[in-house]
>>> print(open('data_12.txt').read())   # compact mmCIF, C-alpha atoms
# COMPACT_ATOMS: atom_id res chain seq x y z
CA MET A 1 53.10 5.11 -28.48
CA LYS A 2 50.63 3.21 -26.37
CA SER A 3 50.91 2.13 -22.80
CA GLY A 4 49.04 -0.66 -21.18
CA LYS A 5 46.71 -3.05 -22.93
CA PRO A 6 44.28 -1.67 -25.52
CA LYS A 7 40.70 -2.43 -24.63
CA SER A 8 37.28 -1.64 -26.05
CA MET A 9 37.13 1.24 -23.60
CA SER A 10 40.02 2.99 -25.34
CA ASN A 11 37.59 4.77 -27.70
CA ASN A 12 34.97 5.37 -25.01
CA HIS A 13 35.64 8.18 -22.57
CA THR A 14 32.59 7.52 -20.37
CA ALA A 15 34.73 5.78 -17.76
CA PHE A 16 37.01 8.83 -17.55
CA TYR A 17 34.12 11.24 -16.95
CA LYS A 18 32.47 8.96 -14.38
CA ASN A 19 35.82 8.47 -12.66
CA ALA A 20 36.44 12.23 -12.57
CA LEU A 21 32.98 12.83 -11.11
CA TRP A 22 33.58 10.32 -8.29
CA GLN A 23 37.03 11.83 -7.75
CA TYR A 24 35.45 15.25 -7.27
CA GLY A 25 33.06 13.69 -4.78
CA LEU A 26 36.03 12.21 -2.93
CA GLN A 27 37.84 15.56 -2.87
CA ALA A 28 34.72 17.29 -1.53
CA VAL A 29 34.37 14.76 1.28
CA LYS A 30 38.08 14.97 2.11
CA TYR A 31 37.78 18.74 2.49
CA LEU A 32 34.41 18.92 4.25
CA LEU A 33 34.94 16.32 6.99
CA PRO A 34 38.19 17.88 8.34
CA LEU A 35 36.50 21.31 8.22
CA ILE A 36 33.86 19.93 10.56
CA THR A 37 36.31 18.58 13.15
CA LEU A 38 39.21 21.04 12.92
CA PRO A 39 37.54 23.99 14.70
CA TYR A 40 36.22 21.61 17.33
CA LEU A 41 39.60 19.99 18.00
CA THR A 42 41.44 23.32 18.22
CA ARG A 43 38.98 24.40 20.91
CA VAL A 44 38.66 21.27 23.05
CA LEU A 45 42.28 20.10 22.85
CA GLU A 46 43.58 23.59 23.70
CA PRO A 47 46.99 24.77 22.43
CA GLU A 48 49.06 22.09 24.18
CA GLY A 49 46.98 19.13 23.03
CA TYR A 50 46.43 20.53 19.56
CA ALA A 51 50.18 21.06 19.13
CA VAL A 52 50.71 17.30 19.66
CA TYR A 53 47.93 16.48 17.21
CA ALA A 54 49.21 18.89 14.52
CA TYR A 55 52.87 17.87 14.85
CA VAL A 56 52.16 14.14 14.67
CA VAL A 57 49.90 14.64 11.63
CA SER A 58 52.73 16.50 9.89
CA PHE A 59 55.29 13.85 10.87
CA MET A 60 53.06 11.01 9.67
CA THR A 61 52.72 12.64 6.25
CA PHE A 62 56.29 11.56 5.49
CA ALA A 63 55.65 8.08 6.88
CA GLN A 64 52.50 7.74 4.76
CA THR A 65 54.38 8.77 1.60
CA PHE A 66 57.10 6.20 2.29
CA VAL A 67 54.72 3.33 3.09
CA ASP A 68 52.58 4.09 0.04
CA PHE A 69 55.85 3.88 -1.95
CA GLY A 70 54.21 5.04 -5.16
CA PHE A 71 52.16 1.84 -5.49
CA ASN A 72 48.99 3.81 -6.22
CA LEU A 73 50.73 4.76 -9.48
CA SER A 74 52.78 1.69 -10.36
CA GLY A 75 50.06 -0.66 -9.08
CA THR A 76 47.43 1.12 -11.17
CA LYS A 77 49.51 0.45 -14.26
CA GLU A 78 49.99 -3.22 -13.37
CA VAL A 79 46.27 -3.73 -12.71
CA ALA A 80 45.38 -2.17 -16.08
CA ALA A 81 47.86 -4.50 -17.82
CA ALA A 82 46.80 -7.67 -15.93
CA CYS A 83 45.78 -10.35 -18.43
CA ASP A 84 43.50 -12.42 -16.19
CA ASP A 85 42.14 -12.86 -12.67
CA GLU A 86 45.14 -14.95 -11.62
CA GLU A 87 47.59 -12.20 -12.57
CA LEU A 88 45.36 -9.61 -10.88
CA GLY A 89 45.47 -11.60 -7.64
CA ALA A 90 49.26 -11.89 -7.91
CA VAL A 91 49.64 -8.12 -8.41
CA VAL A 92 47.48 -7.27 -5.39
CA GLY A 93 49.16 -9.96 -3.27
CA SER A 94 52.74 -8.93 -4.06
CA ILE A 95 52.03 -5.21 -3.51
CA THR A 96 50.26 -5.96 -0.22
CA GLN A 97 53.25 -8.00 0.95
CA ALA A 98 55.60 -5.20 -0.08
CA ARG A 99 53.54 -2.69 1.88
CA ILE A 100 53.54 -4.89 4.99
CA LEU A 101 57.34 -5.00 4.77
CA LEU A 102 57.47 -1.21 4.31
CA CYS A 103 55.21 -0.75 7.34
CA ALA A 104 57.71 -2.69 9.46
CA VAL A 105 60.70 -0.74 8.12
CA ALA A 106 59.01 2.64 8.44
CA GLY A 107 57.76 1.77 11.93
CA ALA A 108 61.31 1.07 13.10
CA GLY A 109 62.50 4.30 11.47
CA CYS A 110 59.74 6.36 13.10
CA ALA A 111 60.57 4.86 16.50
CA VAL A 112 64.26 5.78 16.20
CA ILE A 113 63.63 9.29 14.85
CA GLY A 114 60.82 9.90 17.33
CA PHE A 115 63.11 9.08 20.25
CA PHE A 116 65.18 12.19 19.44
CA ILE A 117 62.15 14.50 19.06
CA PRO A 118 60.82 15.55 22.48
CA ILE A 119 57.18 15.97 21.46
CA MET A 120 57.18 12.52 19.85
CA ARG A 121 59.06 10.85 22.70
CA GLU A 122 56.75 12.35 25.32
CA ASN A 123 53.69 11.21 23.39
CA ALA A 124 54.99 7.84 22.21
CA LEU A 125 51.68 5.99 22.65
CA TYR A 126 49.80 8.63 20.66
CA ALA A 127 52.42 8.54 17.89
CA SER A 128 52.36 4.72 17.80
CA LEU A 129 48.58 4.63 17.44
CA ALA A 130 48.74 7.31 14.73
CA TYR A 131 51.26 5.17 12.86
CA LEU A 132 48.98 2.12 13.02
CA ALA A 133 46.31 4.22 11.31
CA VAL A 134 48.85 5.11 8.61
CA CYS A 135 49.56 1.44 7.98
CA GLY A 136 45.85 0.65 7.79
CA ARG A 137 45.33 3.32 5.14
CA ALA A 138 48.38 2.17 3.19
CA LEU A 139 47.20 -1.44 2.95
CA ALA A 140 43.93 -0.52 1.23
CA PRO A 141 44.23 -1.53 -2.47
CA ASP A 142 43.15 1.81 -3.99
CA PHE A 143 45.39 1.10 -6.99
CA LEU A 144 43.11 -1.81 -7.89
CA PHE A 145 40.04 0.41 -8.25
CA GLN A 146 42.05 3.10 -10.07
CA GLY A 147 43.41 0.57 -12.55
CA LYS A 148 39.89 -0.72 -13.17
CA GLU A 149 38.57 2.87 -13.46
CA ARG A 150 36.03 2.22 -10.69
CA MET A 151 36.41 5.03 -8.15
CA ALA A 152 32.88 4.85 -6.70
CA PRO A 153 33.78 2.24 -4.03
CA ILE A 154 36.72 4.37 -2.79
CA THR A 155 34.56 7.48 -2.48
CA LEU A 156 31.75 5.66 -0.68
CA ARG A 157 34.25 3.86 1.55
CA TYR A 158 35.91 7.12 2.56
CA LEU A 159 32.56 8.76 3.26
CA VAL A 160 31.45 5.92 5.55
CA SER A 161 34.77 5.27 7.32
CA LYS A 162 35.81 8.90 7.82
CA GLY A 163 32.24 9.93 8.50
CA ALA A 164 32.04 7.39 11.32
CA SER A 165 35.31 8.57 12.91
CA THR A 166 34.22 12.22 12.52
CA ALA A 167 30.90 11.62 14.28
CA LEU A 168 32.56 9.64 17.08
CA THR A 169 35.09 12.44 17.59
CA PHE A 170 32.30 14.61 18.99
CA VAL A 171 31.22 11.73 21.25
CA PHE A 172 34.57 10.78 22.78
CA VAL A 173 36.88 13.82 22.49
CA HIS A 174 35.99 16.60 24.94
CA SER A 175 39.36 17.78 26.26
CA ALA A 176 43.12 17.28 26.00
CA ALA A 177 42.71 14.30 28.34
CA ASP A 178 40.85 12.53 25.51
CA LEU A 179 43.66 13.06 22.99
CA LEU A 180 44.31 9.33 22.52
CA TRP A 181 40.81 8.88 21.16
CA VAL A 182 41.87 10.78 18.01
CA PRO A 183 44.29 8.11 16.68
CA VAL A 184 42.06 5.31 17.99
CA LEU A 185 39.21 6.63 15.84
CA ASP A 186 41.61 6.95 12.91
CA ILE A 187 42.48 3.27 13.36
CA LEU A 188 38.76 2.46 13.34
CA ALA A 189 38.32 4.40 10.09
CA SER A 190 41.31 2.58 8.56
CA ALA A 191 39.92 -0.81 9.59
CA ILE A 192 36.52 -0.02 8.05
CA ALA A 193 38.22 1.15 4.85
CA LEU A 194 40.41 -1.94 4.68
CA VAL A 195 37.55 -4.42 5.10
CA TRP A 196 35.31 -2.44 2.75
CA SER A 197 38.00 -2.28 0.05
CA PHE A 198 38.77 -5.99 -0.07
CA ALA A 199 35.08 -6.93 0.17
CA ALA A 200 34.27 -4.61 -2.75
CA ALA A 201 37.23 -5.96 -4.74
CA ARG A 202 36.01 -9.52 -4.25
CA LYS A 203 32.45 -8.60 -5.24
CA LEU A 204 33.28 -6.41 -8.27
CA PHE A 205 36.34 -8.16 -9.68
CA GLY A 206 36.24 -11.63 -8.12
CA LEU A 207 39.61 -10.86 -6.51
CA ARG A 208 41.46 -13.84 -5.07
CA ILE A 209 44.79 -12.77 -3.61
CA SER A 210 47.77 -15.04 -4.24
CA TRP A 211 50.86 -14.45 -2.13
CA ALA A 212 54.12 -14.03 -4.02
CA GLY A 213 57.67 -15.07 -3.28
CA GLY A 214 60.38 -12.74 -2.08
CA ARG A 215 61.75 -12.22 -5.59
CA ARG A 216 58.50 -10.78 -6.94
CA VAL A 217 58.05 -8.58 -3.86
CA ALA A 218 61.58 -7.23 -4.39
CA ARG A 219 60.76 -6.60 -8.06
CA GLU A 220 57.63 -4.66 -7.06
CA LEU A 221 59.70 -2.50 -4.71
CA ALA A 222 62.32 -1.86 -7.38
CA THR A 223 59.69 -0.97 -9.99
CA SER A 224 57.86 1.43 -7.70
CA GLY A 225 61.04 3.01 -6.33
CA TYR A 226 61.06 5.79 -8.93
CA TYR A 227 57.41 6.57 -8.22
CA CYS A 228 58.20 6.81 -4.52
CA LEU A 229 61.27 8.98 -5.12
CA SER A 230 59.16 11.44 -7.08
CA ASN A 231 56.51 11.63 -4.35
CA MET A 232 59.10 11.90 -1.57
CA ALA A 233 60.91 14.70 -3.42
CA SER A 234 57.67 16.70 -3.61
CA THR A 235 56.86 16.11 0.06
CA ALA A 236 60.37 16.95 1.24
CA PHE A 237 60.41 20.06 -0.96
CA SER A 238 57.21 21.41 0.62
CA GLY A 239 58.44 20.75 4.15
CA LEU A 240 61.88 22.24 3.48
CA THR A 241 60.38 25.36 1.92
CA THR A 242 58.32 25.99 5.04
CA LEU A 243 61.39 25.41 7.22
CA ILE A 244 63.57 27.87 5.24
CA ILE A 245 60.86 30.54 5.33
CA GLY A 246 60.39 30.10 9.08
CA VAL A 247 64.14 30.48 9.69
CA SER A 248 64.86 33.36 7.33
CA ILE A 249 61.82 35.58 7.92
CA PRO A 250 61.39 36.66 11.56
CA ASP A 251 58.09 38.52 11.02
CA PRO A 252 55.18 36.19 11.99
CA ALA A 253 52.76 38.26 9.91
CA GLN A 254 54.76 37.62 6.72
CA ILE A 255 54.86 33.89 7.46
CA SER A 256 51.08 33.98 7.97
CA TYR A 257 50.66 35.65 4.56
CA TRP A 258 52.70 32.87 2.95
CA SER A 259 50.74 30.14 4.74
CA LEU A 260 47.43 31.68 3.69
CA ALA A 261 48.58 31.99 0.08
CA MET A 262 49.66 28.34 0.01
CA THR A 263 46.31 27.31 1.50
CA ALA A 264 44.50 29.18 -1.30
CA VAL A 265 46.75 27.70 -4.00
CA GLY A 266 46.35 24.22 -2.51
CA ALA A 267 42.56 24.57 -2.55
CA VAL A 268 42.61 25.36 -6.28
CA GLN A 269 45.11 22.58 -7.04
CA ALA A 270 42.80 20.14 -5.26
CA LEU A 271 40.34 20.81 -8.10
CA TYR A 272 42.97 19.54 -10.55
CA ALA A 273 43.57 16.24 -8.78
CA PRO A 274 40.33 14.48 -9.87
CA ILE A 275 41.15 15.22 -13.52
CA THR A 276 44.74 13.95 -13.37
CA ASN A 277 43.86 11.00 -11.10
CA SER A 278 41.13 9.91 -13.52
CA LEU A 279 43.18 10.53 -16.65
CA TYR A 280 46.14 8.41 -15.50
CA PRO A 281 44.33 5.03 -15.39
CA HIS A 282 42.37 5.96 -18.52
CA MET A 283 45.65 6.55 -20.37
CA VAL A 284 47.22 3.39 -18.97
CA VAL A 285 44.25 1.30 -20.10
CA GLY A 286 43.78 2.75 -23.57
CA GLY A 287 46.88 4.80 -24.37
CA ASP A 288 44.61 7.43 -25.93
CA PHE A 289 47.11 10.28 -26.13
CA GLY A 290 44.90 12.10 -28.62
CA PHE A 291 42.30 12.45 -25.87
CA ALA A 292 44.94 13.89 -23.51
CA LYS A 293 45.96 16.39 -26.21
CA ARG A 294 42.34 17.51 -26.70
CA LEU A 295 41.95 17.87 -22.95
CA LEU A 296 45.05 20.07 -22.82
CA LYS A 297 43.64 22.36 -25.52
CA LEU A 298 40.13 22.51 -24.03
CA SER A 299 41.50 23.43 -20.62
CA VAL A 300 43.38 26.55 -21.79
CA PRO A 301 40.53 29.12 -21.51
CA PHE A 302 39.37 27.67 -18.17
CA ILE A 303 42.82 27.61 -16.59
CA LEU A 304 43.87 31.04 -17.86
CA GLY A 305 40.48 32.56 -17.02
CA GLY A 306 40.45 30.99 -13.58
CA THR A 307 43.98 32.19 -12.85
CA ALA A 308 43.09 35.72 -13.95
CA LEU A 309 40.06 35.62 -11.65
CA PHE A 310 42.24 34.38 -8.78
CA PHE A 311 44.56 37.35 -9.36
CA VAL A 312 41.69 39.88 -9.48
CA ILE A 313 39.80 38.64 -6.41
CA ALA A 314 42.86 38.08 -4.19
CA ASP A 315 41.49 40.52 -1.60
CA PRO A 316 38.11 38.76 -1.17
CA ILE A 317 39.90 35.39 -0.98
CA VAL A 318 42.10 36.68 1.85
CA LEU A 319 39.07 38.15 3.63
CA ILE A 320 37.25 34.82 3.49
CA LEU A 321 40.21 32.68 4.52
CA GLY A 322 41.88 34.92 7.06
CA GLY A 323 39.95 38.08 7.81
CA PRO A 324 40.69 41.81 7.52
CA GLU A 325 43.99 41.61 9.41
CA TYR A 326 45.43 39.45 6.59
CA LEU A 327 44.49 41.85 3.76
CA PRO A 328 48.03 43.33 3.53
CA GLY A 329 49.17 39.88 2.40
CA ALA A 330 46.89 39.71 -0.65
CA TYR A 331 49.86 40.65 -2.83
CA VAL A 332 51.38 37.21 -2.13
CA LEU A 333 48.39 35.52 -3.76
CA ARG A 334 48.87 37.66 -6.84
CA ILE A 335 52.57 36.83 -7.12
CA VAL A 336 51.96 33.07 -6.85
CA SER A 337 48.96 33.06 -9.21
CA PRO A 338 51.09 31.78 -12.16
CA VAL A 339 51.56 28.59 -10.12
CA LEU A 340 47.95 27.72 -10.94
CA VAL A 341 48.73 27.60 -14.67
CA PHE A 342 52.10 25.86 -14.55
CA SER A 343 51.10 23.30 -11.91
CA PHE A 344 47.98 22.23 -13.83
CA TYR A 345 49.87 21.50 -17.03
CA GLY A 346 52.79 20.04 -15.11
CA MET A 347 50.38 17.64 -13.39
CA LEU A 348 48.45 16.82 -16.56
CA ILE A 349 51.51 15.89 -18.62
CA GLY A 350 53.16 14.24 -15.62
CA TRP A 351 51.79 10.88 -14.53
CA PRO A 352 48.82 10.79 -16.95
CA VAL A 353 51.07 11.23 -20.01
CA LEU A 354 54.74 10.58 -19.19
CA GLY A 355 53.84 7.99 -16.55
CA ALA A 356 51.45 6.20 -18.89
CA MET A 357 54.20 6.14 -21.55
CA GLY A 358 56.49 4.37 -19.11
CA ARG A 359 58.79 7.41 -18.82
CA VAL A 360 58.92 7.12 -15.05
CA LYS A 361 62.65 7.82 -14.72
CA GLU A 362 62.37 10.94 -16.84
CA LEU A 363 59.30 12.11 -14.90
CA THR A 364 61.04 11.57 -11.57
CA ARG A 365 64.06 13.47 -12.87
CA THR A 366 61.88 16.53 -13.63
CA THR A 367 60.57 16.50 -10.05
CA VAL A 368 63.99 16.07 -8.44
CA VAL A 369 65.75 18.65 -10.66
CA SER A 370 63.09 21.34 -10.15
CA SER A 371 62.96 20.65 -6.39
CA LEU A 372 66.75 20.91 -6.05
CA ALA A 373 66.78 24.10 -8.13
CA SER A 374 64.09 25.58 -5.88
CA VAL A 375 65.89 24.63 -2.68
CA ALA A 376 69.12 26.17 -4.04
CA ALA A 377 67.28 29.40 -4.92
CA LEU A 378 65.57 29.49 -1.50
CA CYS A 379 68.85 28.95 0.33
CA ALA A 380 70.56 31.63 -1.77
CA ALA A 381 67.73 34.07 -1.00
CA ALA A 382 67.96 33.30 2.71
CA ALA A 383 71.77 33.66 2.74
CA SER A 384 71.66 36.96 0.83
CA GLY A 385 70.04 38.78 3.72
CA HIS A 386 67.27 40.03 1.42
CA ALA A 387 64.80 37.22 2.04
CA SER A 388 61.14 38.18 1.72
CA VAL A 389 57.84 36.46 1.16
CA ALA A 390 57.56 38.20 -2.22
CA LEU A 391 60.92 36.75 -3.30
CA PHE A 392 59.95 33.28 -2.11
CA ALA A 393 56.65 33.58 -3.99
CA LEU A 394 58.55 34.40 -7.19
CA ILE A 395 60.80 31.38 -6.61
CA ARG A 396 57.73 29.17 -6.15
CA SER A 397 56.26 30.39 -9.44
CA GLY A 398 59.63 29.87 -11.16
CA THR A 399 59.88 26.34 -9.78
CA GLU A 400 56.47 25.38 -11.15
CA PHE A 401 57.40 26.85 -14.53
CA LEU A 402 60.67 24.88 -14.57
CA MET A 403 58.92 21.62 -13.74
CA CYS A 404 56.24 22.19 -16.38
CA ALA A 405 58.86 23.09 -19.00
CA LEU A 406 61.00 20.03 -18.21
CA ARG A 407 57.98 17.74 -18.48
CA ALA A 408 56.90 19.34 -21.75
CA TYR A 409 60.41 18.75 -23.09
CA GLU A 410 60.30 15.09 -22.03
CA CYS A 411 56.92 14.69 -23.76
CA TRP A 412 58.36 16.20 -26.92
CA ARG A 413 61.30 13.80 -26.78
CA ALA A 414 59.03 10.80 -26.17
CA PHE A 415 56.70 11.55 -29.08
CA ASN A 416 59.61 12.26 -31.41
CA ALA A 417 61.21 8.96 -30.42
CA GLY A 418 57.89 7.24 -31.11
CA ARG A 419 57.62 8.74 -34.60
CA GLU A 420 61.19 7.76 -35.43
CA GLY A 421 60.46 4.20 -34.39
CA LEU A 422 57.52 3.89 -36.82
>>> encode(input="data_12.txt", output="structure tokens")
Amino acid sequence: MKSGKPKSMSNNHTAFYKNALWQYGLQAVKYLLPLITLPYLTRVLEPEGYAVYAYVVSFMTFAQTFVDFGFNLSGTKEVAAACDDEELGAVVGSITQARILLCAVAGAGCAVIGFFIPIMRENALYASLAYLAVCGRALAPDFLFQGKERMAPITLRYLVSKGASTALTFVFVHSAADLLWVPVLDILASAIALVWSFAAARKLFGLRISWAGGRRVARELATSGYYCLSNMASTAFSGLTTLIIGVSIPDPAQISYWSLAMTAVGAVQALYAPITNSLYPHMVVGGDFGFAKRLLKLSVPFILGGTALFFVIADPIVLILGGPEYLPGAYVLRIVSPVLVFSFYGMLIGWPVLGAMGRVKELTRTTVVSSLASVAALCAAAASGHASVALFALIRSGTEFLMCALRAYECWRAFNAGREGL
């Protein structure tokens, strides 16, 4: 059961460890730079200006997911399987063309939807500039570097491009009247990233893009459709969960407890991403499922121990993130702590294992089924009249368990099918 093209690297895990290290560097930069600007923007933009900024950022998350269209996963696999430089250029060219088409489609969709949303309609220029930044980020060929297991250029690029826009934020944004500078600086960061990425690709891999015909572009879109569906299901699930909680629980304090708990869980899950993001291309290149199995076993004491620690120190975590007034909500962190176990293994056997095996349909099905089950449970809880943050936290833990269990079952089926085919 191997996926991708076996290479000499398949028995050498150095690339994985280097990739993971650069991924951790990227995660650190992605967390630190927003932490520098966020307190500043909330102060200088004031509530009215910051509301526009925050809403548009949230709205553009869906646009970004659609325009990316899962190519950072499907493209990674194609790059790893590319036989020569000519095929590599064709892969990058066809995916870039597909993304340009998606940018046009998503742009039209955002314009129509935005017309019916007052805050978007009243800030149409701001929203349009923010969308241009989205397109710039989407066109960067990150999948190329992931497929080649060379994450250093992406980390350095992000540090330089986002660092420049962060520094310039303090120079140009001083009040709500300067709000438009925020997306303009995002566009600048996207432009730097785009130029940097293609220049690095040419230098490192001798990339020469060849533009494809409409048939190949359509094939790329069809291939990546399942990847996109999986990502969109996760994004929609998160947004819908927040919406249901906001509607069914009138107490702002309870909603704050939930938000704080999700922030804490998200911070821990961000530590998982470098491992899974590095393992996926490594598995695609070498198909070393024995290495993935060893990684699963080695992680057990760390994940269980870390989750137990998260449970025990819930109060200090709440004090650090929110302050003394949020301490009554520490119980929510304890209820959702199982999420840290189930989500890690669900992520690890997701794209890095099932995705590398080519079981994309099955993987997408696990995401969609667990998301629908969660939404049904959330709606039932809201309709029962007994909705509470504690109940929603239990549902969240149950959802992660269901997804992890479904993916484990699909892995079992895949390996059994492989043994029967020998």
>>> closest_residue(input="data_12.txt", among="A:Gln27, A:Ser230, A:Ser374, A:Ser343", to="Asn277 in chain A", atoms="all atoms listed in the file")
A:Gln27
>>> closest_residue(input="data_12.txt", among="A:Ala140, A:Val79, A:Ile349, A:Leu45", to="Thr366 in chain A", atoms="all atoms listed in the file")
A:Ile349
>>> atom_distance(input="data_12.txt", atom1="CA of Leu207 in chain A", atom2="CA of Gly89 in chain A")
6.0 Å
>>> residues_around(input="data_12.txt", residues="Thr367 in chain A", least_positions_apart="4", cutoff="7 Å", atoms="only C-alpha atoms", output="VMD selection string")
chain A and resid 230 233 363 371 403
>>> closest_residue(input="data_12.txt", among="A:Val92, A:Leu35, A:Ala152, A:Ile244", to="Ala383 in chain A", atoms="all atoms listed in the file")
A:Ile244
>>> residues_around(input="data_12.txt", residues="Leu304 in chain A", least_positions_apart="3", cutoff="12 Å", atoms="only C-alpha atoms", output="list of chain:residue names")
A:Lys297, A:Leu298, A:Ser299, A:Val300, A:Pro301, A:Thr307, A:Ala308, A:Leu309, A:Phe310, A:Phe311, A:Ser337, A:Pro338, A:Val339, A:Leu340, A:Val341, A:Phe342, A:Phe344, A:Tyr345
>>> atom_distance(input="data_12.txt", atom1="CA of Phe66 in chain A", atom2="CA of Leu139 in chain A")
12.5 Å
>>> atom_distance(input="data_12.txt", atom1="CA of Ala218 in chain A", atom2="CA of Thr364 in chain A")
20.1 Å
>>> residues_near_point(input="data_12.txt", point="(44.6, 1.4, 18.6)", cutoff="12 Å", atoms="only C-alpha atoms", output="PyMOL selection string")
chain A and resi 125-136+180-191
>>> residues_around(input="data_12.txt", residues="Ser256 in chain A", least_positions_apart="3", cutoff="10 Å", atoms="all atoms listed in the file", output="ChimeraX atom specification")
/A:251-253,259-262,322,326,329,389
>>> closest_residue(input="data_12.txt", among="A:Pro250, A:Gly206, A:Gly287, A:Gly305", to="Asp84 in chain A", atoms="only C-alpha atoms")
A:Gly206
>>> closest_residue(input="data_12.txt", among="A:Ile95, A:Ala108, A:Val29, A:Leu221", to="Val160 in chain A", atoms="all atoms listed in the file")
A:Val29
>>> residues_around(input="data_12.txt", residues="range 407-419 of chain A", least_positions_apart="2", cutoff="10 Å", atoms="all atoms listed in the file", output="VMD selection string")
chain A and resid 1 to 2 345 to 350 353 to 354 357 to 359 362 to 367 401 to 405 421 to 422
>>> residues_around(input="data_12.txt", residues="Met120 in chain A", least_positions_apart="6", cutoff="9 Å", atoms="only C-alpha atoms", output="VMD selection string")
chain A and resid 52 55 to 56 113 to 114 126 to 127
>>> closest_residue(input="data_12.txt", among="A:Ala193, A:Ile255, A:Ala222, A:Val332", to="Ala390 in chain A", atoms="all atoms listed in the file")
A:Val332
>>> decode(input="data_12.txt", residues="range 365-388 of chain A", atoms="C-alpha atoms", output="PDB file, in the first residue's frame")
ATOM      1  CA  ARG A 365     -17.032  11.276   4.048  1.00  0.00           C
ATOM      2  CA  THR A 366     -15.731  11.052   7.638  1.00  0.00           C
ATOM      3  CA  THR A 367     -15.594  14.861   7.835  1.00  0.00           C
ATOM      4  CA  VAL A 368     -19.046  15.404   6.345  1.00  0.00           C
ATOM      5  CA  VAL A 369     -20.745  12.645   8.392  1.00  0.00           C
ATOM      6  CA  SER A 370     -19.272  13.794  11.713  1.00  0.00           C
ATOM      7  CA  SER A 371     -20.063  17.455  10.925  1.00  0.00           C
ATOM      8  CA  LEU A 372     -23.681  16.648  10.043  1.00  0.00           C
ATOM      9  CA  ALA A 373     -24.034  14.510  13.179  1.00  0.00           C
ATOM     10  CA  SER A 374     -22.693  17.382  15.273  1.00  0.00           C
ATOM     11  CA  VAL A 375     -24.999  19.949  13.694  1.00  0.00           C
ATOM     12  CA  ALA A 376     -27.977  17.622  14.279  1.00  0.00           C
ATOM     13  CA  ALA A 377     -27.003  17.182  17.938  1.00  0.00           C
ATOM     14  CA  LEU A 378     -26.479  20.942  18.380  1.00  0.00           C
ATOM     15  CA  CYS A 379     -29.851  21.746  16.814  1.00  0.00           C
ATOM     16  CA  ALA A 380     -31.567  19.110  18.963  1.00  0.00           C
ATOM     17  CA  ALA A 381     -29.944  20.570  22.089  1.00  0.00           C
ATOM     18  CA  ALA A 382     -31.023  24.080  21.118  1.00  0.00           C
ATOM     19  CA  ALA A 383     -34.597  22.966  20.343  1.00  0.00           C
ATOM     20  CA  SER A 384     -34.903  21.026  23.611  1.00  0.00           C
ATOM     21  CA  GLY A 385     -34.817  24.176  25.692  1.00  0.00           C
ATOM     22  CA  HIS A 386     -31.991  22.750  27.802  1.00  0.00           C
ATOM     23  CA  ALA A 387     -29.100  24.196  25.816  1.00  0.00           C
ATOM     24  CA  SER A 388     -25.969  24.933  27.824  1.00  0.00           C
TER      25      SER A 388
END
